[in-house]
file work09.cif (mmCIF, C-alpha atoms)
data_protein
loop_
_atom_site.label_atom_id
_atom_site.label_comp_id
_atom_site.auth_asym_id
_atom_site.auth_seq_id
_atom_site.Cartn_x
_atom_site.Cartn_y
_atom_site.Cartn_z
CA MET T 1 16.22 26.64 -15.66
CA MET T 2 17.10 28.83 -18.68
CA ASN T 3 19.56 26.28 -19.98
CA ILE T 4 16.87 23.61 -20.13
CA LEU T 5 14.51 25.95 -21.97
CA GLU T 6 17.21 27.04 -24.44
CA LYS T 7 18.16 23.41 -25.17
CA PHE T 8 14.52 22.49 -25.70
CA GLU T 9 14.04 25.45 -28.02
CA GLN T 10 17.17 24.56 -30.03
CA ASN T 11 15.94 20.96 -30.42
CA GLN T 12 12.54 22.18 -31.63
CA ILE T 13 14.19 24.52 -34.15
CA LYS T 14 16.34 21.66 -35.48
CA GLU T 15 13.31 19.39 -35.87
CA LEU T 16 11.27 22.06 -37.65
CA SER T 17 14.20 23.08 -39.88
CA LYS T 18 14.76 19.53 -41.17
CA LYS T 19 11.52 19.57 -43.15
CA LYS T 20 12.12 22.82 -45.03
CA THR T 21 14.88 25.16 -46.06
CA ILE T 22 14.61 28.76 -45.01
CA PRO T 23 16.34 31.19 -47.37
CA ASP T 24 18.44 34.06 -46.13
CA PHE T 25 16.35 37.20 -46.57
CA LYS T 26 16.19 40.61 -44.97
CA PRO T 27 13.71 43.48 -44.77
CA GLY T 28 13.36 45.09 -48.18
CA ASP T 29 13.44 41.79 -50.06
CA THR T 30 10.42 40.73 -52.11
CA VAL T 31 9.30 37.36 -50.80
CA LYS T 32 6.86 34.69 -51.98
CA VAL T 33 5.40 32.80 -49.03
CA HIS T 34 3.61 29.54 -49.89
CA VAL T 35 0.90 29.20 -47.24
CA LYS T 36 -1.28 26.12 -46.69
CA VAL T 37 -4.96 27.09 -46.71
CA LYS T 38 -7.86 24.78 -45.74
CA ASP T 39 -11.08 25.12 -47.71
CA GLY T 40 -13.52 22.75 -46.01
CA GLU T 41 -11.98 19.30 -46.49
CA LYS T 42 -9.44 20.34 -49.14
CA GLU T 43 -6.06 21.83 -48.47
CA ARG T 44 -4.32 23.99 -51.05
CA ILE T 45 -1.29 26.26 -51.24
CA GLN T 46 -1.77 29.99 -51.66
CA ILE T 47 1.11 32.30 -52.51
CA PHE T 48 1.40 35.59 -50.61
CA GLU T 49 3.92 37.81 -52.39
CA GLY T 50 5.08 41.11 -50.97
CA VAL T 51 7.89 43.10 -49.44
CA CYS T 52 9.33 41.96 -46.14
CA ILE T 53 9.03 45.02 -43.89
CA ALA T 54 10.21 43.53 -40.59
CA TYR T 55 12.10 40.54 -39.27
CA ASN T 56 11.83 39.65 -35.58
CA ASN T 57 14.56 37.25 -34.52
CA ALA T 58 13.35 35.55 -31.34
CA GLY T 59 14.51 31.94 -31.44
CA LEU T 60 11.57 29.61 -31.93
CA ASN T 61 9.21 32.58 -32.17
CA THR T 62 11.09 34.18 -35.06
CA SER T 63 8.67 35.91 -37.42
CA PHE T 64 8.63 38.26 -40.38
CA SER T 65 6.07 40.73 -41.71
CA VAL T 66 5.17 40.88 -45.40
CA ARG T 67 3.29 43.78 -46.98
CA LYS T 68 1.58 43.85 -50.35
CA VAL T 69 -0.96 46.09 -52.05
CA SER T 70 -4.02 44.16 -53.21
CA TYR T 71 -6.66 46.02 -55.23
CA GLY T 72 -5.43 49.36 -53.92
CA GLU T 73 -5.56 48.26 -50.28
CA GLY T 74 -2.43 47.52 -48.25
CA VAL T 75 -2.36 44.06 -46.69
CA GLU T 76 0.18 42.96 -44.08
CA ARG T 77 0.67 39.51 -42.65
CA VAL T 78 2.98 38.29 -39.93
CA PHE T 79 4.36 34.79 -40.53
CA PRO T 80 6.19 32.69 -37.94
CA ILE T 81 9.24 31.21 -39.69
CA TYR T 82 8.85 27.74 -38.17
CA SER T 83 5.09 27.53 -38.73
CA PRO T 84 3.80 24.26 -40.22
CA GLN T 85 1.36 26.37 -42.28
CA ILE T 86 4.26 27.69 -44.40
CA SER T 87 5.33 25.14 -46.98
CA LYS T 88 8.01 27.21 -48.72
CA ILE T 89 9.57 30.67 -48.80
CA GLU T 90 11.11 32.08 -51.98
CA VAL T 91 13.05 35.30 -52.40
CA SER T 92 12.29 36.90 -55.77
CA LYS T 93 14.12 40.25 -55.39
CA PHE T 94 16.79 41.53 -53.04
CA GLY T 95 16.00 45.07 -51.90
CA ASP T 96 18.58 47.73 -51.19
CA VAL T 97 17.49 49.40 -47.91
CA ARG T 98 19.29 50.88 -44.92
CA ARG T 99 16.74 50.16 -42.20
CA SER T 100 15.67 47.03 -40.40
CA LYS T 101 12.01 48.07 -40.04
CA LEU T 102 10.30 49.51 -43.10
CA TYR T 103 7.13 50.76 -41.43
CA TYR T 104 7.38 54.03 -43.36
CA LEU T 105 6.08 52.15 -46.42
CA ARG T 106 2.62 52.16 -44.82
CA GLN T 107 2.22 55.89 -45.49
CA ARG T 108 3.59 55.71 -49.02
CA SER T 109 1.91 54.65 -52.23
CA GLY T 110 2.85 54.44 -55.87
CA LYS T 111 6.38 55.18 -57.00
CA SER T 112 7.51 56.47 -53.61
CA ALA T 113 6.78 53.06 -52.08
CA ARG T 114 9.17 51.28 -54.43
CA ILE T 115 12.40 49.77 -53.17
CA THR T 116 15.46 49.70 -55.40
CA GLU T 117 16.82 46.26 -56.15
CA LYS T 118 20.32 45.21 -55.18
CA ASN T 119 22.38 44.41 -58.22
CA LYS T 120 23.77 41.01 -57.28
CA PHE T 121 25.44 40.64 -60.67
CA LEU T 122 27.67 43.69 -60.12
CA GLN T 123 28.56 42.51 -56.62
CA ARG T 124 29.58 39.09 -57.99
CA GLU T 125 31.68 40.81 -60.68
CA LYS T 126 33.47 42.92 -58.05
CA ILE T 127 34.20 39.83 -55.96
CA LYS T 128 35.48 37.93 -59.02
CA ASP T 129 37.70 40.87 -60.00
CA GLU T 130 39.14 41.04 -56.49
CA VAL T 131 39.86 37.30 -56.52
CA VAL T 132 41.51 37.55 -59.95
CA ASN T 133 43.63 40.50 -58.82
CA VAL T 134 44.76 38.62 -55.72
CA ASP T 135 45.62 35.56 -57.83
CA ASN T 136 47.62 37.70 -60.27
CA THR T 137 49.65 39.33 -57.51
CA GLU T 138 50.46 35.92 -56.01
CA ALA T 139 51.43 34.60 -59.43
CA ASN T 140 53.76 37.58 -59.96
CA LYS T 141 55.49 36.97 -56.65
CA THR T 142 56.67 33.52 -57.65
CA LYS T 143 56.83 32.60 -61.29
CA THR T 144 58.62 29.99 -63.27
CA VAL T 145 61.29 31.29 -65.55
CA GLU T 146 62.99 29.24 -68.23
CA LEU T 147 66.63 29.91 -68.41
CA LYS T 148 69.04 28.71 -70.99
CA LYS T 149 72.29 27.67 -69.48
CA SER T 150 75.16 26.83 -71.63
CA ASP T 151 77.84 24.43 -70.58
CA GLU T 152 81.45 25.11 -71.07
CA SER T 153 81.28 22.56 -73.88
CA GLY T 154 78.66 24.66 -75.71
CA ASN T 155 75.62 22.41 -75.18
CA ASN T 156 72.38 24.31 -74.42
CA LYS T 157 70.16 22.86 -71.69
CA ASN T 158 66.64 24.07 -70.78
CA THR T 159 66.11 24.20 -67.03
CA THR T 160 63.31 25.72 -64.97
CA SER T 161 63.70 27.55 -61.70
CA THR T 162 61.45 29.68 -59.50
CA LYS T 163 62.52 33.21 -58.67
CA LYS T 164 61.01 36.09 -56.78
CA ASP T 165 59.61 38.69 -59.13
CA THR T 166 61.18 41.94 -58.09
CA ASP T 167 61.60 45.36 -59.64
CA GLN T 168 65.24 44.60 -60.42
CA GLU T 169 64.32 41.54 -62.49
CA LYS T 170 61.70 43.53 -64.40
CA LYS T 171 64.30 46.17 -65.32
CA SER T 172 66.85 43.63 -66.56
#
call {"tool": "encode", "arguments": {"input": "work09.cif", "output": "structure tokens"}}
result
Amino acid sequence: MMNILEKFEQNQIKELSKKKTIPDFKPGDTVKVHVKVKDGEKERIQIFEGVCIAYNNAGLNTSFSVRKVSYGEGVERVFPIYSPQISKIEVSKFGDVRRSKLYYLRQRSGKSARITEKNKFLQREKIKDEVVNVDNTEANKTKTVELKKSDESGNNKNTTSTKKDTDQEKKS
């Protein structure tokens, strides 16, 4: 019985995911949720921007909570990820938090309610430096060395060969 339900749920998730892309975001990130709103006969898109304070991963019922302060009053909304009312989700800032539920922000206001932003640029730099260091160590292990060999007849020939780069070669 559970297998049938799980398969059905997976098919529904695939169908709903085809229409839109869902970015990878976590609690602490500042998110812009584009919500479809009906005003009489007209339908328009309204942007709800705030901090994601919770993410409930429950298959088809996956939802996230967004909190913002509007005119001095805290407003929270819970959005189902696969809802047809959500046209798009954008991540504007990546927050640096150590908790999965940020309910403590409800009691805070002003500067104490701020979340520090992850510095993605520095993380990319660290990753690039690590990749460059790994490439350099591999290049030092095997490198091409041009050697001049002279024949007994005195003719100089340029040949290339690959050698292991060891401490003994560096000394000589």
call {"tool": "closest_residue", "arguments": {"input": "work09.cif", "among": "T:Phe121, T:Gly28, T:Val66, T:Lys14", "to": "T:Ile89", "atoms": "only C-alpha atoms"}}
result
T:Val66
call {"tool": "residues_around", "arguments": {"input": "work09.cif", "residues": "stretch 45-48 of chain T", "least_positions_apart": "4", "cutoff": "9 Å", "atoms": "all atoms listed in the file", "output": "list in words"}}
result
Val31, Lys32, Val33, His34, Val35, Lys36, Val37, Lys38, Val66, Lys68, Arg77, Ile86 and Ser87 of chain T
call {"tool": "closest_residue", "arguments": {"input": "work09.cif", "among": "T:Glu76, T:Asp39, T:Glu117, T:Asp24", "to": "T:Leu105", "atoms": "all atoms listed in the file"}}
result
T:Glu76
call {"tool": "atom_distance", "arguments": {"input": "work09.cif", "atom1": "atom CA of T:Met2", "atom2": "atom CA of T:Ser100"}}
result
28.4 Å
call {"tool": "residues_around", "arguments": {"input": "work09.cif", "residues": "T:Lys19", "least_positions_apart": "3", "cutoff": "12 Å", "atoms": "only C-alpha atoms", "output": "ChimeraX atom specification"}}
result
/T:12-16,22,82-84,86-88
call {"tool": "residues_near_point", "arguments": {"input": "work09.cif", "point": "(8.1, 35.7, -36.5)", "cutoff": "7 Å", "atoms": "only C-alpha atoms", "output": "ChimeraX atom specification"}}
result
/T:55-57,61-64,78-81
call {"tool": "build_atoms", "arguments": {"input": "work09.cif", "residues": "stretch 44-73 of chain T", "atoms": "N, CA and C atoms", "output": "PDB file, keeping the file's coordinate frame"}}
result
ATOM      1  N   ARG T  44      -5.050  23.511 -49.879  1.00  0.00           N
ATOM      2  CA  ARG T  44      -4.320  23.990 -51.050  1.00  0.00           C
ATOM      3  C   ARG T  44      -3.251  24.966 -50.604  1.00  0.00           C
ATOM      4  N   ILE T  45      -2.369  25.318 -51.543  1.00  0.00           N
ATOM      5  CA  ILE T  45      -1.290  26.260 -51.240  1.00  0.00           C
ATOM      6  C   ILE T  45      -1.581  27.578 -51.918  1.00  0.00           C
ATOM      7  N   GLN T  46      -1.542  28.649 -51.148  1.00  0.00           N
ATOM      8  CA  GLN T  46      -1.770  29.990 -51.660  1.00  0.00           C
ATOM      9  C   GLN T  46      -0.487  30.789 -51.497  1.00  0.00           C
ATOM     10  N   ILE T  47      -0.122  31.526 -52.538  1.00  0.00           N
ATOM     11  CA  ILE T  47       1.110  32.300 -52.510  1.00  0.00           C
ATOM     12  C   ILE T  47       0.805  33.736 -52.094  1.00  0.00           C
ATOM     13  N   PHE T  48       1.517  34.211 -51.079  1.00  0.00           N
ATOM     14  CA  PHE T  48       1.400  35.590 -50.610  1.00  0.00           C
ATOM     15  C   PHE T  48       2.723  36.262 -50.948  1.00  0.00           C
ATOM     16  N   GLU T  49       2.693  37.150 -51.939  1.00  0.00           N
ATOM     17  CA  GLU T  49       3.920  37.810 -52.390  1.00  0.00           C
ATOM     18  C   GLU T  49       3.895  39.271 -52.000  1.00  0.00           C
ATOM     19  N   GLY T  50       4.980  39.717 -51.376  1.00  0.00           N
ATOM     20  CA  GLY T  50       5.080  41.110 -50.970  1.00  0.00           C
ATOM     21  C   GLY T  50       6.469  41.433 -50.458  1.00  0.00           C
ATOM     22  N   VAL T  51       6.606  42.630 -49.939  1.00  0.00           N
ATOM     23  CA  VAL T  51       7.890  43.100 -49.440  1.00  0.00           C
ATOM     24  C   VAL T  51       7.987  42.787 -47.949  1.00  0.00           C
ATOM     25  N   CYS T  52       9.091  42.212 -47.551  1.00  0.00           N
ATOM     26  CA  CYS T  52       9.330  41.960 -46.140  1.00  0.00           C
ATOM     27  C   CYS T  52       9.652  43.297 -45.485  1.00  0.00           C
ATOM     28  N   ILE T  53       8.818  43.713 -44.523  1.00  0.00           N
ATOM     29  CA  ILE T  53       9.030  45.020 -43.890  1.00  0.00           C
ATOM     30  C   ILE T  53       9.641  44.906 -42.501  1.00  0.00           C
ATOM     31  N   ALA T  54       9.620  43.710 -41.921  1.00  0.00           N
ATOM     32  CA  ALA T  54      10.210  43.530 -40.590  1.00  0.00           C
ATOM     33  C   ALA T  54      10.596  42.079 -40.399  1.00  0.00           C
ATOM     34  N   TYR T  55      11.627  41.877 -39.612  1.00  0.00           N
ATOM     35  CA  TYR T  55      12.100  40.540 -39.270  1.00  0.00           C
ATOM     36  C   TYR T  55      12.393  40.529 -37.783  1.00  0.00           C
ATOM     37  N   ASN T  56      11.646  39.735 -37.025  1.00  0.00           N
ATOM     38  CA  ASN T  56      11.830  39.650 -35.580  1.00  0.00           C
ATOM     39  C   ASN T  56      12.523  38.344 -35.242  1.00  0.00           C
ATOM     40  N   ASN T  57      13.770  38.428 -34.821  1.00  0.00           N
ATOM     41  CA  ASN T  57      14.560  37.250 -34.520  1.00  0.00           C
ATOM     42  C   ASN T  57      14.418  36.917 -33.045  1.00  0.00           C
ATOM     43  N   ALA T  58      13.628  35.889 -32.739  1.00  0.00           N
ATOM     44  CA  ALA T  58      13.350  35.550 -31.340  1.00  0.00           C
ATOM     45  C   ALA T  58      13.369  34.049 -31.127  1.00  0.00           C
ATOM     46  N   GLY T  59      14.389  33.383 -31.640  1.00  0.00           N
ATOM     47  CA  GLY T  59      14.510  31.940 -31.440  1.00  0.00           C
ATOM     48  C   GLY T  59      13.402  31.183 -32.142  1.00  0.00           C
ATOM     49  N   LEU T  60      12.662  30.400 -31.374  1.00  0.00           N
ATOM     50  CA  LEU T  60      11.570  29.610 -31.930  1.00  0.00           C
ATOM     51  C   LEU T  60      10.418  30.488 -32.403  1.00  0.00           C
ATOM     52  N   ASN T  61      10.285  31.660 -31.811  1.00  0.00           N
ATOM     53  CA  ASN T  61       9.210  32.580 -32.170  1.00  0.00           C
ATOM     54  C   ASN T  61       9.615  33.587 -33.243  1.00  0.00           C
ATOM     55  N   THR T  62      10.645  33.285 -34.005  1.00  0.00           N
ATOM     56  CA  THR T  62      11.090  34.180 -35.060  1.00  0.00           C
ATOM     57  C   THR T  62       9.986  34.365 -36.085  1.00  0.00           C
ATOM     58  N   SER T  63       9.732  35.624 -36.449  1.00  0.00           N
ATOM     59  CA  SER T  63       8.670  35.910 -37.420  1.00  0.00           C
ATOM     60  C   SER T  63       9.107  37.031 -38.349  1.00  0.00           C
ATOM     61  N   PHE T  64       8.374  37.176 -39.432  1.00  0.00           N
ATOM     62  CA  PHE T  64       8.630  38.260 -40.380  1.00  0.00           C
ATOM     63  C   PHE T  64       7.306  38.788 -40.881  1.00  0.00           C
ATOM     64  N   SER T  65       7.285  40.078 -41.212  1.00  0.00           N
ATOM     65  CA  SER T  65       6.070  40.730 -41.710  1.00  0.00           C
ATOM     66  C   SER T  65       6.221  40.978 -43.198  1.00  0.00           C
ATOM     67  N   VAL T  66       5.173  40.675 -43.949  1.00  0.00           N
ATOM     68  CA  VAL T  66       5.170  40.880 -45.400  1.00  0.00           C
ATOM     69  C   VAL T  66       4.014  41.816 -45.733  1.00  0.00           C
ATOM     70  N   ARG T  67       4.297  42.809 -46.572  1.00  0.00           N
ATOM     71  CA  ARG T  67       3.290  43.780 -46.980  1.00  0.00           C
ATOM     72  C   ARG T  67       3.126  43.741 -48.487  1.00  0.00           C
ATOM     73  N   LYS T  68       1.870  43.737 -48.926  1.00  0.00           N
ATOM     74  CA  LYS T  68       1.580  43.850 -50.350  1.00  0.00           C
ATOM     75  C   LYS T  68       0.359  44.743 -50.525  1.00  0.00           C
ATOM     76  N   VAL T  69       0.197  45.265 -51.732  1.00  0.00           N
ATOM     77  CA  VAL T  69      -0.960  46.090 -52.050  1.00  0.00           C
ATOM     78  C   VAL T  69      -1.862  45.257 -52.951  1.00  0.00           C
ATOM     79  N   SER T  70      -3.068  44.987 -52.475  1.00  0.00           N
ATOM     80  CA  SER T  70      -4.020  44.160 -53.210  1.00  0.00           C
ATOM     81  C   SER T  70      -5.263  44.982 -53.511  1.00  0.00           C
ATOM     82  N   TYR T  71      -5.521  45.228 -54.777  1.00  0.00           N
ATOM     83  CA  TYR T  71      -6.660  46.020 -55.230  1.00  0.00           C
ATOM     84  C   TYR T  71      -6.691  47.394 -54.572  1.00  0.00           C
ATOM     85  N   GLY T  72      -5.524  48.022 -54.473  1.00  0.00           N
ATOM     86  CA  GLY T  72      -5.430  49.360 -53.920  1.00  0.00           C
ATOM     87  C   GLY T  72      -5.437  49.434 -52.402  1.00  0.00           C
ATOM     88  N   GLU T  73      -5.535  48.306 -51.742  1.00  0.00           N
ATOM     89  CA  GLU T  73      -5.560  48.260 -50.280  1.00  0.00           C
ATOM     90  C   GLU T  73      -4.312  47.540 -49.778  1.00  0.00           C
TER      91      GLU T  73
END
